[in-house]
Structures are given as structure tokens and as C-alpha cells.
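Working notes, structure below.
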Amino acid sequence: MSFGTGKIWMNGELVEWADAKIHVASHVVHYGSAVFEGARCYDTPRGAACFRLDTHLRRLFDSAKIYRMEMSLSYDEVHKAVIDTIKANQYKACYIRPIVYRGYHTLGVNPLPCPVDTAVILWDWGAYLGTDALTNGVDARMSSWTRAAPNTFPTLAKTSANYANSALIKMEAMAEGYAEGIALDTAGFLSEGSGQNLFIVRNNVLYTPPATASILPGITRDSIITLAKDHGFDVREEMLPREVLYIADEAFFVGTAVEVTPIRSVDKIPVGNGRRGPITEAIQQAFFDVINGVVADKHGWLEFVYDGEPRATVGAATTAGRA
Ligand SMILES: Cc1ncc(COP(=O)(O)O)c(C=O)c1O
């Protein structure tokens, strides 16, 4: 099914896509008062499998807590809503977008009087930057926009409001013919792309900006750190100056949407030899092998959708060790 078709879960009910509407005076429309997730379900030889859904939902609840949103649903209810919606749409593979938003009541800036509503939207989403990008890489530019300073918009929360900054980074890059923009933090260190985290390879060591560099600490980033260590690579989370990108042997973006996408140039300077490098390819392969279910899922990252009932209880408090 494509974007615009199928059923959407809204506050406990499955409704047709065309009927999944909110009022224009809803708080979220005016003030971006929503938190959301982006996860994926993959078609594996054992059937449809969600990748790290627990961890995504843990982050959803964390984001809501940061914004003082009292969830009207428990963790298990949101988890069940996602699984039920995949089943209702009979998806084998899809992108999963749970969103928790401030609904219709009053339009003062104070969101607290407004209801906290929840929806789960699914659609088919292929390679975010195109399938060619996975092999040949993308051209990126340094953005003239800076990521949010600490203590302004919390970047640990995946909130709709943060994507105003992401959209500026993305539009500027595209206007000048680049696939993506890479932003610095307010101290001038490398942060991330408009909707993806960043890795750099130099002398066989993998570097990635730390959580303190105004990044969204991505679940793919965490998975790549784990897989790279599994494969014997040295991985360092460090504040990185911008020019490291210009002298990197390899660089790549990671995220639920882009998965693992090589960066072939930054500001028209080729990264390495301007092609996907061998370490990027090895990391991509390791990641794709896990999500495609062709190697043992030793970290327990796949959740099979049609394997009987959804797993019993994985409440937010109990997922801490796995998040
Ligand atoms: C700003 C930003 N950074 C990083 C990521 C990557 O996060 P994840 O791997 O959890 O999808 C995303 C993806 O949603 C994002 O929007």
C-alpha cells in the first residue's frame, strides 16, 4: 500500500486514511506540540519484523515526558496499536509513524489544557534518498543553519517542533542541488544531518558526534555502534571539527529513513575517493543482514508481527536495559 491508503489507528480506533482528520484549531497545528517516532518493519524470511520497536516506543515515551505530555495510553497499548495496525493493513514491510499530539481545546500557548491524542500511521517507504544513493552515495553541504543550542529545544526529544530546523537545513541543501545538509552545533562542532546521524571513518576508526552535540541520539546510530564493535571496529563518540569531514577516508549517514547511506562529497570536496568506501560497505552489509533477517538476531532487535500475539509485557520501565 502506498502513502494515502489503508487504515490509520486514532485514539483506539482503526479509521480509513481519508477519515483520519483533526481540527484546524488543534494545538499541534499552531505550536508543533507533538512527539513522534519513525520505525520500520521489514519483510524477512520468517515474516514481517519490526526493527527495535521497543526502543522506538521507549523514546516516544521519553519525548512525551520531556514535554510534560501525560500519555493517555500505556506503553503496552501503544505497542499493541502498532502491531494491530500493521496486521489490519496486512503489511509485510512498512514505515511506522506513531505520533502523540496536543489536540483540540484552547489555543493559548500553554498546551496543558489540550488533550493528548495518539495516532499510528503506516506507509511504504523505500530508500529515503533513492536506491542509487545506497550504492553511490550522496553529495552533502555544510548547512548555514545551526542545530538547536542546549537548553533551547531539547534534541533528545523527537518533537515535531525540532523539524522546523531540519526543514531549513534540508531545503537549503536541495535548493543548491545537494541531497542533504549537515549542521554544526552552537559551539561549531559537527552535529548531524537534517534527519540522520553522521559517521566518519579515518584510519579504520569510526567517529560519530556524541549526544551532547545537539543530535537526536538515533536508534540506527546505536545499532551501528553495536554492529561495528561486533565486527571489531574501534568506534569513538567525540566532538568533531567540521574539517574532519573534508579529510575523512569515508563518511556515511544513518537513520531509520536513510538506513546506511554513504556520503561521497561535502561542499564539493570528495570524501576519500568520492565513492562508497569498504568500511561503509561492510557496515551497510552488517546492518542489512540483520534487518533482512539473514543472520542470527543476536541482539534481539527483530519483533515478528505475525508470530501469534504481540509479546506479553515490555513496559517502558522494563525496556531501560535494552534502549
Ligand atoms: C534529526 C534526526 N537525527 C537522527 C535521526 C536518526 O534516528 P533513528 O536512527 O532513531 O531513526 C533522525 C531520524 O528520525 C532524525 O530525524
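So you can find residues: chains in the C-alpha cells are A, B, ... in the order shown, residues in each start at 1, and ligands are numbered from 1 in order.
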
Taking a cut-off of 12 Å and counting only C-alpha atoms, can you build a table that, for each residue of region 100-133 of chain A near region 171-189 of chain A, reports the nearest atom pair and how far apart they are in Å (one decimal), sorted by chain then residue number, as JSON lines?
```
{"residue": "A:Tyr128", "atom": "CA", "partner": "A:Ala179", "partner_atom": "CA", "distance": 10.4}
{"residue": "A:Leu129", "atom": "CA", "partner": "A:Ala179", "partner_atom": "CA", "distance": 7.3}
{"residue": "A:Gly130", "atom": "CA", "partner": "A:Ala179", "partner_atom": "CA", "distance": 10.0}
{"residue": "A:Ala133", "atom": "CA", "partner": "A:Ala179", "partner_atom": "CA", "distance": 9.4}
```

### Query
If we count only C-alpha atoms, what is near region 24-31 of chain A at a cut-off of 8 Å, once residues fewer than 6 positions away on the same chain are taken out, given as a ChimeraX atom specification?
/A:101-107,109,111,114,161

### Query
Hey, what's within 6 Å of region 57-74 of chain A if we count only C-alpha atoms and toss same-chain stuff fewer than 2 positions away? As a PyMOL selection string, please?
chain A and resi 54-55+76-77+157-158+316

Keeping only all heavy atoms, take the residues you just selected and write them out as an mmCIF file, in the first residue's frame.
```cif
data_model
loop_
_atom_site.group_PDB
_atom_site.id
_atom_site.type_symbol
_atom_site.label_atom_id
_atom_site.label_comp_id
_atom_site.auth_asym_id
_atom_site.auth_seq_id
_atom_site.Cartn_x
_atom_site.Cartn_y
_atom_site.Cartn_z
ATOM 1 N N ASP A 54 10.590 -1.712 20.443
ATOM 2 C CA ASP A 54 10.625 -1.388 21.886
ATOM 3 C C ASP A 54 11.399 -0.101 22.144
ATOM 4 O O ASP A 54 10.972 0.758 22.909
ATOM 5 C CB ASP A 54 11.367 -2.482 22.684
ATOM 6 C CG ASP A 54 10.593 -3.768 22.762
ATOM 7 O OD1 ASP A 54 9.418 -3.784 22.344
ATOM 8 O OD2 ASP A 54 11.168 -4.765 23.230
ATOM 9 N N THR A 55 12.568 -0.015 21.516
ATOM 10 C CA THR A 55 13.445 1.138 21.760
ATOM 11 C C THR A 55 12.823 2.411 21.194
ATOM 12 O O THR A 55 12.899 3.476 21.799
ATOM 13 C CB THR A 55 14.835 0.876 21.136
ATOM 14 O OG1 THR A 55 15.225 -0.454 21.470
ATOM 15 C CG2 THR A 55 15.870 1.832 21.664
ATOM 16 N N ASP A 76 2.193 -0.612 26.687
ATOM 17 C CA ASP A 76 1.678 -1.829 26.035
ATOM 18 C C ASP A 76 0.552 -1.512 25.057
ATOM 19 O O ASP A 76 0.414 -2.161 24.014
ATOM 20 C CB ASP A 76 1.173 -2.826 27.089
ATOM 21 C CG ASP A 76 2.333 -3.526 27.787
ATOM 22 O OD1 ASP A 76 3.480 -3.401 27.300
ATOM 23 O OD2 ASP A 76 2.095 -4.175 28.819
ATOM 24 N N GLU A 77 -0.263 -0.505 25.398
ATOM 25 C CA GLU A 77 -1.352 -0.134 24.493
ATOM 26 C C GLU A 77 -0.817 0.472 23.192
ATOM 27 O O GLU A 77 -1.343 0.195 22.114
ATOM 28 C CB GLU A 77 -2.315 0.831 25.193
ATOM 29 C CG GLU A 77 -3.190 0.118 26.220
ATOM 30 C CD GLU A 77 -3.934 1.074 27.157
ATOM 31 O OE1 GLU A 77 -3.439 2.188 27.434
ATOM 32 O OE2 GLU A 77 -5.011 0.689 27.623
ATOM 33 N N ALA A 157 14.472 14.850 22.689
ATOM 34 C CA ALA A 157 13.056 14.608 22.400
ATOM 35 C C ALA A 157 12.858 14.665 20.890
ATOM 36 O O ALA A 157 13.345 15.590 20.229
ATOM 37 C CB ALA A 157 12.199 15.674 23.074
ATOM 38 N N LYS A 158 12.137 13.683 20.369
ATOM 39 C CA LYS A 158 11.823 13.711 18.935
ATOM 40 C C LYS A 158 10.474 14.402 18.812
ATOM 41 O O LYS A 158 9.418 13.762 18.841
ATOM 42 C CB LYS A 158 11.788 12.280 18.380
ATOM 43 C CG LYS A 158 11.735 12.208 16.867
ATOM 44 C CD LYS A 158 11.950 10.777 16.401
ATOM 45 C CE LYS A 158 11.620 10.578 14.936
ATOM 46 N NZ LYS A 158 12.512 11.267 14.007
ATOM 47 N N ALA A 316 7.622 0.472 29.509
ATOM 48 C CA ALA A 316 8.726 1.419 29.389
ATOM 49 C C ALA A 316 9.784 1.177 30.455
ATOM 50 O O ALA A 316 10.976 1.176 30.175
ATOM 51 C CB ALA A 316 8.196 2.835 29.472
#
```

### Message
Using DSSP secondary structure from the backbone, list all strand (DSSP E) positions within region 66-224 of chain A, as a VMD selection string.
### Response
chain A and resid 94 to 102 116 to 123 138 to 146 180 to 184 190 to 193 197 to 202 205 to 208

For chain A against ligand 1, with a cut-off of 6 Å and counting only C-alpha atoms and all ligand atoms, what is the closest atom pair and its distance in Å to one decimal for every residue that makes the cut, ordered by chain and number, as CSV?
```
residue,atom,partner,partner_atom_place_in_ligand_line,distance
A:Gly38,CA,ligand 1,14 (O),5.8
A:Ser194,CA,ligand 1,1 (C),5.3
A:Gly195,CA,ligand 1,16 (O),3.5
A:Gln196,CA,ligand 1,4 (C),3.7
A:Asn197,CA,ligand 1,4 (C),4.6
A:Leu216,CA,ligand 1,3 (N),4.5
A:Gly218,CA,ligand 1,7 (O),3.3
A:Ile219,CA,ligand 1,10 (O),3.7
A:Thr220,CA,ligand 1,9 (O),3.6
A:Arg221,CA,ligand 1,9 (O),5.6
A:Gly255,CA,ligand 1,9 (O),3.5
A:Thr256,CA,ligand 1,11 (O),3.7
```

### Task
Would you mind telling me which residue in A:Thr131, A:Thr159, A:Ser223, A:Asn165 lies nearest to Arg147 (chain A) when using only C-alpha atoms?
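Using only C-alpha atoms, the shortest distance to Arg147 (chain A) belongs to A:Asn165.
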
### Query
Tell me, which residues of region 138-190 of chain A carry DSSP helix (DSSP H, G or I), written as a PyMOL selection string?
chain A and resi 160-175

Limited to all heavy atoms, could you put the picked residues into a file as a tab-separated table (two decimals), in the first residue's frame?
```
chain	number	residue	atom	x	y	z
A	160	SER	N	7.91	17.36	16.98
A	160	SER	CA	7.63	17.97	15.68
A	160	SER	C	8.29	19.33	15.56
A	160	SER	O	8.79	19.69	14.49
A	160	SER	CB	6.12	18.13	15.49
A	160	SER	OG	5.51	16.87	15.56
A	161	ALA	N	8.32	20.08	16.66
A	161	ALA	CA	8.88	21.44	16.63
A	161	ALA	C	10.34	21.43	16.16
A	161	ALA	O	10.77	22.35	15.47
A	161	ALA	CB	8.76	22.07	18.01
A	162	ASN	N	11.10	20.40	16.53
A	162	ASN	CA	12.52	20.35	16.13
A	162	ASN	C	12.68	20.28	14.62
A	162	ASN	O	13.74	20.62	14.08
A	162	ASN	CB	13.19	19.11	16.74
A	162	ASN	CG	13.44	19.26	18.23
A	162	ASN	OD1	13.16	20.31	18.80
A	162	ASN	ND2	13.95	18.22	18.85
A	163	TYR	N	11.65	19.83	13.92
A	163	TYR	CA	11.79	19.62	12.49
A	163	TYR	C	11.64	20.91	11.68
A	163	TYR	O	11.85	20.90	10.46
A	163	TYR	CB	10.85	18.49	12.03
A	163	TYR	CG	11.47	17.19	12.49
A	163	TYR	CD1	11.28	16.74	13.80
A	163	TYR	CD2	12.33	16.49	11.68
A	163	TYR	CE1	11.93	15.60	14.26
A	163	TYR	CE2	12.98	15.35	12.12
A	163	TYR	CZ	12.77	14.91	13.41
A	163	TYR	OH	13.41	13.80	13.86
A	164	ALA	N	11.35	22.03	12.36
A	164	ALA	CA	11.43	23.32	11.67
A	164	ALA	C	12.89	23.56	11.30
A	164	ALA	O	13.22	23.96	10.18
A	164	ALA	CB	10.89	24.43	12.57
A	165	ASN	N	13.78	23.27	12.23
A	165	ASN	CA	15.22	23.41	11.98
A	165	ASN	C	15.66	22.42	10.88
A	165	ASN	O	16.37	22.79	9.94
A	165	ASN	CB	15.97	23.17	13.30
A	165	ASN	CG	17.49	23.19	13.15
A	165	ASN	OD1	18.11	22.14	13.16
A	165	ASN	ND2	18.06	24.37	13.02
A	166	SER	N	15.19	21.18	10.99
A	166	SER	CA	15.56	20.16	9.98
A	166	SER	C	15.10	20.57	8.59
A	166	SER	O	15.82	20.39	7.61
A	166	SER	CB	14.91	18.82	10.33
A	166	SER	OG	15.47	18.28	11.50
A	167	ALA	N	13.89	21.14	8.50
A	167	ALA	CA	13.36	21.52	7.19
A	167	ALA	C	14.19	22.65	6.58
A	167	ALA	O	14.43	22.67	5.36
A	167	ALA	CB	11.89	21.93	7.32
A	168	LEU	N	14.65	23.58	7.40
A	168	LEU	CA	15.50	24.66	6.89
A	168	LEU	C	16.81	24.10	6.33
A	168	LEU	O	17.30	24.51	5.27
A	168	LEU	CB	15.79	25.68	8.00
A	168	LEU	CG	14.57	26.52	8.42
A	168	LEU	CD1	14.86	27.28	9.72
A	168	LEU	CD2	14.18	27.51	7.31
A	169	ILE	N	17.39	23.14	7.07
A	169	ILE	CA	18.65	22.52	6.62
A	169	ILE	C	18.43	21.78	5.30
A	169	ILE	O	19.21	21.90	4.35
A	169	ILE	CB	19.16	21.55	7.71
A	169	ILE	CG1	19.54	22.32	8.98
A	169	ILE	CG2	20.34	20.72	7.21
A	169	ILE	CD1	19.74	21.44	10.22
A	170	LYS	N	17.34	21.05	5.24
A	170	LYS	CA	17.05	20.23	4.04
A	170	LYS	C	16.74	21.12	2.82
A	170	LYS	O	17.27	20.89	1.73
A	170	LYS	CB	15.86	19.31	4.34
A	170	LYS	CG	15.45	18.40	3.23
A	170	LYS	CD	16.35	17.19	3.12
A	170	LYS	CE	15.93	16.28	1.99
A	170	LYS	NZ	16.81	15.12	1.86
A	171	MET	N	15.90	22.13	3.03
A	171	MET	CA	15.52	22.98	1.89
A	171	MET	C	16.72	23.73	1.34
A	171	MET	O	16.87	23.86	0.12
A	171	MET	CB	14.42	23.96	2.30
A	171	MET	CG	13.07	23.30	2.54
A	171	MET	SD	11.74	24.48	2.82
A	171	MET	CE	12.20	25.23	4.38
A	172	GLU	N	17.56	24.23	2.23
A	172	GLU	CA	18.74	24.96	1.77
A	172	GLU	C	19.63	24.05	0.93
A	172	GLU	O	20.12	24.44	-0.14
A	172	GLU	CB	19.52	25.48	2.98
A	172	GLU	CG	20.80	26.20	2.60
A	172	GLU	CD	21.63	26.54	3.83
A	172	GLU	OE1	22.06	25.61	4.55
A	172	GLU	OE2	21.84	27.73	4.09
A	173	ALA	N	19.84	22.82	1.42
A	173	ALA	CA	20.70	21.88	0.69
A	173	ALA	C	20.11	21.59	-0.69
A	173	ALA	O	20.81	21.65	-1.71
A	173	ALA	CB	20.85	20.58	1.49
A	174	MET	N	18.81	21.30	-0.73
A	174	MET	CA	18.19	20.93	-2.00
A	174	MET	C	18.18	22.10	-2.98
A	174	MET	O	18.37	21.93	-4.18
A	174	MET	CB	16.76	20.43	-1.75
A	174	MET	CG	16.75	19.06	-1.09
A	174	MET	SD	15.11	18.55	-0.62
A	174	MET	CE	14.33	18.46	-2.20
A	175	ALA	N	17.98	23.31	-2.45
A	175	ALA	CA	17.94	24.49	-3.33
A	175	ALA	C	19.26	24.66	-4.08
A	175	ALA	O	19.30	25.25	-5.16
A	175	ALA	CB	17.65	25.74	-2.50
```

### Summary
Restricting to only C-alpha atoms, whichever of A:Tyr95, A:Phe287, A:Phe233, A:Tyr207 is closest to Leu190 (chain A) is A:Tyr207

### Task
Give me, please, the distance in Å between CA of Lys87 (chain A) and CA of Lys7 (chain A), quoted to one decimal.
10.2 Å

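For Ala228 (chain A), the list of residues within 10 Å, based on only C-alpha atoms and with local chain neighbours fewer than 3 positions off taken out, reads Val205, Leu206, Asp222, Ser223, Ile224, Ile225, His231, Gly232, Phe233, Asp234, Val235, Ile279, Ala282, Ile283, Ala286 and Phe287 of chain A.
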
Could those residues be written to a file, using C-alpha atoms, as a compact mmCIF listing (two decimals), in the first residue's frame?
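Output contents, as saved in out.txt:
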```
# COMPACT_ATOMS: atom_id res chain seq x y z
CA VAL A 205 38.43 4.18 13.24
CA LEU A 206 34.74 5.16 13.22
CA ASP A 222 23.16 2.99 18.41
CA SER A 223 22.71 -0.14 16.27
CA ILE A 224 25.65 0.81 14.03
CA ILE A 225 27.90 1.43 17.04
CA HIS A 231 32.89 -6.56 13.75
CA GLY A 232 35.99 -5.46 15.66
CA PHE A 233 36.00 -1.76 14.74
CA ASP A 234 37.13 0.93 17.12
CA VAL A 235 34.17 3.35 17.50
CA ILE A 279 34.16 0.09 5.78
CA ALA A 282 30.88 -3.65 5.44
CA ILE A 283 28.74 -1.73 7.95
CA ALA A 286 26.08 -5.99 8.53
CA PHE A 287 23.04 -3.76 9.05
```

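The nearest approach to Ala148 (chain A) among the residues A:Leu198, A:Asp43, A:Pro115, A:Ile215, with only C-alpha atoms taken into account, belongs to A:Ile215.
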
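The residue that comes closest to Asp132 (chain A), out of A:Pro262, A:Pro209, A:Pro241, A:Gly277 and on the basis of only C-alpha atoms, is A:Pro262.
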
### Task
Compile the contact shell of Arg264 (chain A) as an MDAnalysis selection string: residues with an atom at most 9 Å away, counting only C-alpha atoms, same-chain residues fewer than 5 positions apart removed.
chainID A and resid 136:140 250:252 269:276
